[in-house]
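Worksheet: one structure, shown below.
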Amino acid sequence: MDLNSPRGTADIYGKDLKYRNFIEDTAKKLFKNFNYAEIKTPTFEHTEVFNRGIGESTDIVQKEMYTFKDKKGRSLTLRPEGTASVVRAIIEHKLYSKRLPLKVFYNGNMFRYERPQKGRMREFHQLGAEAVGIDNPVIDAEIIWLTNRLFEELGFKNLELLINSIGCVECRPNFLKEFKSYLEPRLDKLCSDCKIRYYKNPLRIFDCKKTKCKEVVKNGPKIFNYLCDNCRKHIDSVIDYLKKLNIKYEINYNLVRGFDYYTKTIFEVISKQIKSAQNALGGGGRYDNLISQFGGPDMPAIGFAIGVDRTAILMEQLKIKPKCFNGFKKVYLIAMEEKSYPFILEISKVLRKDFICEINFKPKNLGSELKWAEKNDFGFAVIIGEEEASEKKITIKDIEEYKQYEFDWLTQKDKLIDLLKGK
Ligand SMILES: [Zn+2]
Ligand SMILES: [Zn+2]
């Protein structure tokens with residue numbers, strides 16, 4: 001038996017899992033603040049959901065989907081992203097028939113058949129939110145604000161928001177006509193994929209990561225300059241609201257993002273702490289036609305998603321410590337000898353009501369115990385030797401502050417708890 005997990009998948013535990021849990025918990029808290037309700041959709045869908053939802057000519061549908069036939073011969077696909085499934089669920093259950101906007105968030109594993117590398121696995125985790133039924137630019141600003149807030153709360157610094165409008169069904173064809181006539185004499189400068197994109201879906205050429213294609217696109221026409229009055233007014237209002245919210249933004253005329261379903265506003269949050277070109281933390285956009293394309297009502301929508309794994313790796317690289325690592329009071333109870341255990345149990349019975357406690361089950365040298373506690377994110381160590389045990393005294397070390405305190409257990413229990421609570 002091969003005991004390795006399949007290529008592109010990973011077991012997640014220990015510190016890696018702590019980072020991920022912190023990201024998910026922080027997001028869930030924020031979603032509640034912004035009044036988004038959770039939705040869980042199946043891990044696989046009928047293949048058509050993604051073909052139609054994401055777009056036949058996208059890289060995801062063309063190359064990256066895990067599609068298989070079940071025993072009855074139905075074509076099913078493991079979800080490669082979250083929005084298409086959520087939209088399918090909204091239509092199936094007519095969730096749009098209540099007060100609008102409908103605001104939902106999701107959090108789950110997704111699958112894409114790609115060449116695995118650090119931060120890009122075949123099974124990965126994404127969380128995101130969708131707001132359906134309102135085309136007021138206020139909600140664009142709200143969802144951008146939410147994305148930005150999430151990375152602030154996680155501890156990222158120097159955040160910047162890239163924003164663009166990619167127009168609507170009215171104005172995009174005019175741009176594409178201009179874009180194609182600009183590309184026509186330059187076709188030989190494009191990579192083979194982009195040559196196909198030129199005929200099938202020229203907007204996707206903006207996604208190409210090849211330098212020669214980027215070079216061609218850079219000097220070409222920009223969709224922003226071809227927006228109809230309605231799209232122009234919309235993006236101007238979004239920008240006004242972002243200014244009101246004090247969110248630093250930059251209009252990036254080459255931003256398109258990899259999905260066919262986007263219309264009007266699209267955005268990406270980047271951190272200037274990250275020096276590589278791949279500094280996008282998360283992003284999203286408006287998709288005003290997707291729901292009707294699926295056979296639902298004609299209803300605007302906007303959403304965003306972030307990669308949980310990538311965010312966790314970046315936090316580790318940038319040495320951003322989840323707040324819970326510091327602020328959460330984990331207490332290590334160190335018995336110096338066998339006789340200490342009855343008192344240790346008495347203390348832990350009280351402390352475990354409010355704090356995470358661990359006991360050393362084998363008395364060892366104090367130095368190595370403290371080192372272990374520090375390495376494993378314990379904020380405090382309670383040290384109980386023979387004398388402490390018989391006199392019911394507690395010596396406690398604040399591991400981060402390098403301070404030491406003594407308490408009498410019988411008379412100063414509350415004082416000790418206040419110290420652990422940071423009062
Ligand atoms: Zn337009
Ligand atoms: Zn290309």
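Each chain in the structure tokens gets a letter, A, B, ..., in the order shown, and its residues are numbered from 1; ligands are numbered from 1 in order too.
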
Tell me which protein, DNA and RNA residues are within 12 Å of Glu48 in chain A, counting only C-alpha atoms, leaving out same-chain ones fewer than 4 positions away, and put them as a list in words.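 Using only C-alpha atoms, the neighbours found are Phe44, Arg52, Gly53, Ile54, Gly55, Glu56, Val61, Met65, Thr67, Arg74, Ser75, Leu76, Thr77, Leu78, Arg79, Ala84, Ser85, Arg88 and Phe294 of chain A.
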
For the residues in the current selection, export C-alpha atoms as a PDB file, in the first residue's frame.
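Okay, this is what ended up in selection-v1.pdb:
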```pdb
ATOM      1  CA  PHE A  44     -19.334  17.631  -6.378  1.00  0.00           C
ATOM      2  CA  ARG A  52     -21.790  26.909 -17.773  1.00  0.00           C
ATOM      3  CA  GLY A  53     -20.974  28.795 -14.621  1.00  0.00           C
ATOM      4  CA  ILE A  54     -17.229  29.280 -14.990  1.00  0.00           C
ATOM      5  CA  GLY A  55     -17.149  29.330 -18.794  1.00  0.00           C
ATOM      6  CA  GLU A  56     -16.198  26.690 -21.358  1.00  0.00           C
ATOM      7  CA  VAL A  61     -12.892  24.108 -17.379  1.00  0.00           C
ATOM      8  CA  MET A  65     -11.364  19.944 -13.492  1.00  0.00           C
ATOM      9  CA  THR A  67     -14.483  15.172 -13.839  1.00  0.00           C
ATOM     10  CA  ARG A  74     -23.553  10.675 -14.911  1.00  0.00           C
ATOM     11  CA  SER A  75     -20.796  13.224 -15.468  1.00  0.00           C
ATOM     12  CA  LEU A  76     -19.860  14.765 -12.129  1.00  0.00           C
ATOM     13  CA  THR A  77     -17.106  17.219 -11.194  1.00  0.00           C
ATOM     14  CA  LEU A  78     -15.405  18.011  -7.893  1.00  0.00           C
ATOM     15  CA  ARG A  79     -15.989  21.712  -7.295  1.00  0.00           C
ATOM     16  CA  ALA A  84     -21.090  28.299  -9.331  1.00  0.00           C
ATOM     17  CA  SER A  85     -22.346  25.832  -6.689  1.00  0.00           C
ATOM     18  CA  ARG A  88     -26.976  26.709  -8.351  1.00  0.00           C
ATOM     19  CA  PHE A 294     -28.126  29.424 -15.100  1.00  0.00           C
TER      20      PHE A 294
END
```

Could you list, as a VMD selection string, all the residues within 10 Å of ligand 2, counting only C-alpha atoms and all ligand atoms? chain A and resid 189 to 198 204 to 217

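Among the candidates A:Ile417, A:Val269, A:Ile60, A:Ala129, the residue lying nearest to Val86 in chain A is A:Ala129 (atoms considered: only C-alpha atoms).
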
Near range 151-159 of chain A, within 8 Å and counting only C-alpha atoms, which residues show up once chain neighbours fewer than 2 positions away are dropped, as a PDB file with C-alpha atoms, in the first residue's frame?
```
ATOM      1  CA  ILE A  23      -8.194  32.328   9.247  1.00  0.00           C
ATOM      2  CA  THR A  26     -11.642  35.296  11.858  1.00  0.00           C
ATOM      3  CA  THR A 147     -12.304  41.518   1.949  1.00  0.00           C
ATOM      4  CA  ASN A 148      -9.952  44.247   3.053  1.00  0.00           C
ATOM      5  CA  ARG A 149     -11.038  44.024   6.709  1.00  0.00           C
ATOM      6  CA  LEU A 161      -6.770  47.336  -3.350  1.00  0.00           C
ATOM      7  CA  LYS A 248      -6.621  52.835  -0.364  1.00  0.00           C
ATOM      8  CA  VAL A 269      -6.429  42.837  -2.439  1.00  0.00           C
ATOM      9  CA  ILE A 270      -2.640  42.775  -2.481  1.00  0.00           C
ATOM     10  CA  SER A 271      -0.078  43.190   0.256  1.00  0.00           C
ATOM     11  CA  LYS A 272       3.059  45.174  -0.425  1.00  0.00           C
ATOM     12  CA  GLN A 273       4.739  43.101   2.280  1.00  0.00           C
ATOM     13  CA  MET A 315       1.210  34.485   7.241  1.00  0.00           C
ATOM     14  CA  ILE A 320       2.339  37.143  11.171  1.00  0.00           C
ATOM     15  CA  LYS A 321       1.381  35.368  14.360  1.00  0.00           C
ATOM     16  CA  PRO A 322      -2.310  34.609  14.766  1.00  0.00           C
TER      17      PRO A 322
END
```

Would you work out the distance separating CA of Pro202 in chain A from CA of Leu183 in chain A, expressed in Å to one decimal? 9.3 Å

Select from range 159-384 of chain A everything DSSP, run on the backbone, classes as strand (DSSP E or B), then give the selection as a PyMOL selection string. chain A and resi 159-165+249-251+263-271+280-286+301-307+330-335+356-359+380-384

List all protein, DNA and RNA residues that have an atom no more than 7 Å from any atom of ligand 1, counting only C-alpha atoms and all ligand atoms, and report them as a list in words.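 Sorted by chain and then by number, the residues are Gly167, Cys168, Val169, Glu170, Cys171, Arg172, Leu227, Cys228, Asp229, Asn230 and Cys231 of chain A.
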
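Comparing A:Ile247, A:Leu187, A:Leu345, A:Ile166 by their smallest distance to Thr263 in chain A, the closest is A:Ile166 (using only C-alpha atoms).
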
Between CA of Gly295 in chain A and CA of Pro42 in chain A, what is the distance, to one decimal in Å? 19.7 Å

DSSP-assigned helix (DSSP H, G or I) members of range 44-138 of chain A, reported as a PyMOL selection string: chain A and resi 47-54+59-64+83-92+95-97+137-138

Using only C-alpha atoms, which residues sit within 10 Å of range 384-394 of chain A once same-chain residues fewer than 5 positions away are excluded, as a PyMOL selection string? chain A and resi 333-344+347+405-413+416

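Across A:Val256, A:Leu17, A:Leu370, A:Leu162, the tightest approach to Glu268 in chain A is made by A:Leu162 when counting only C-alpha atoms.
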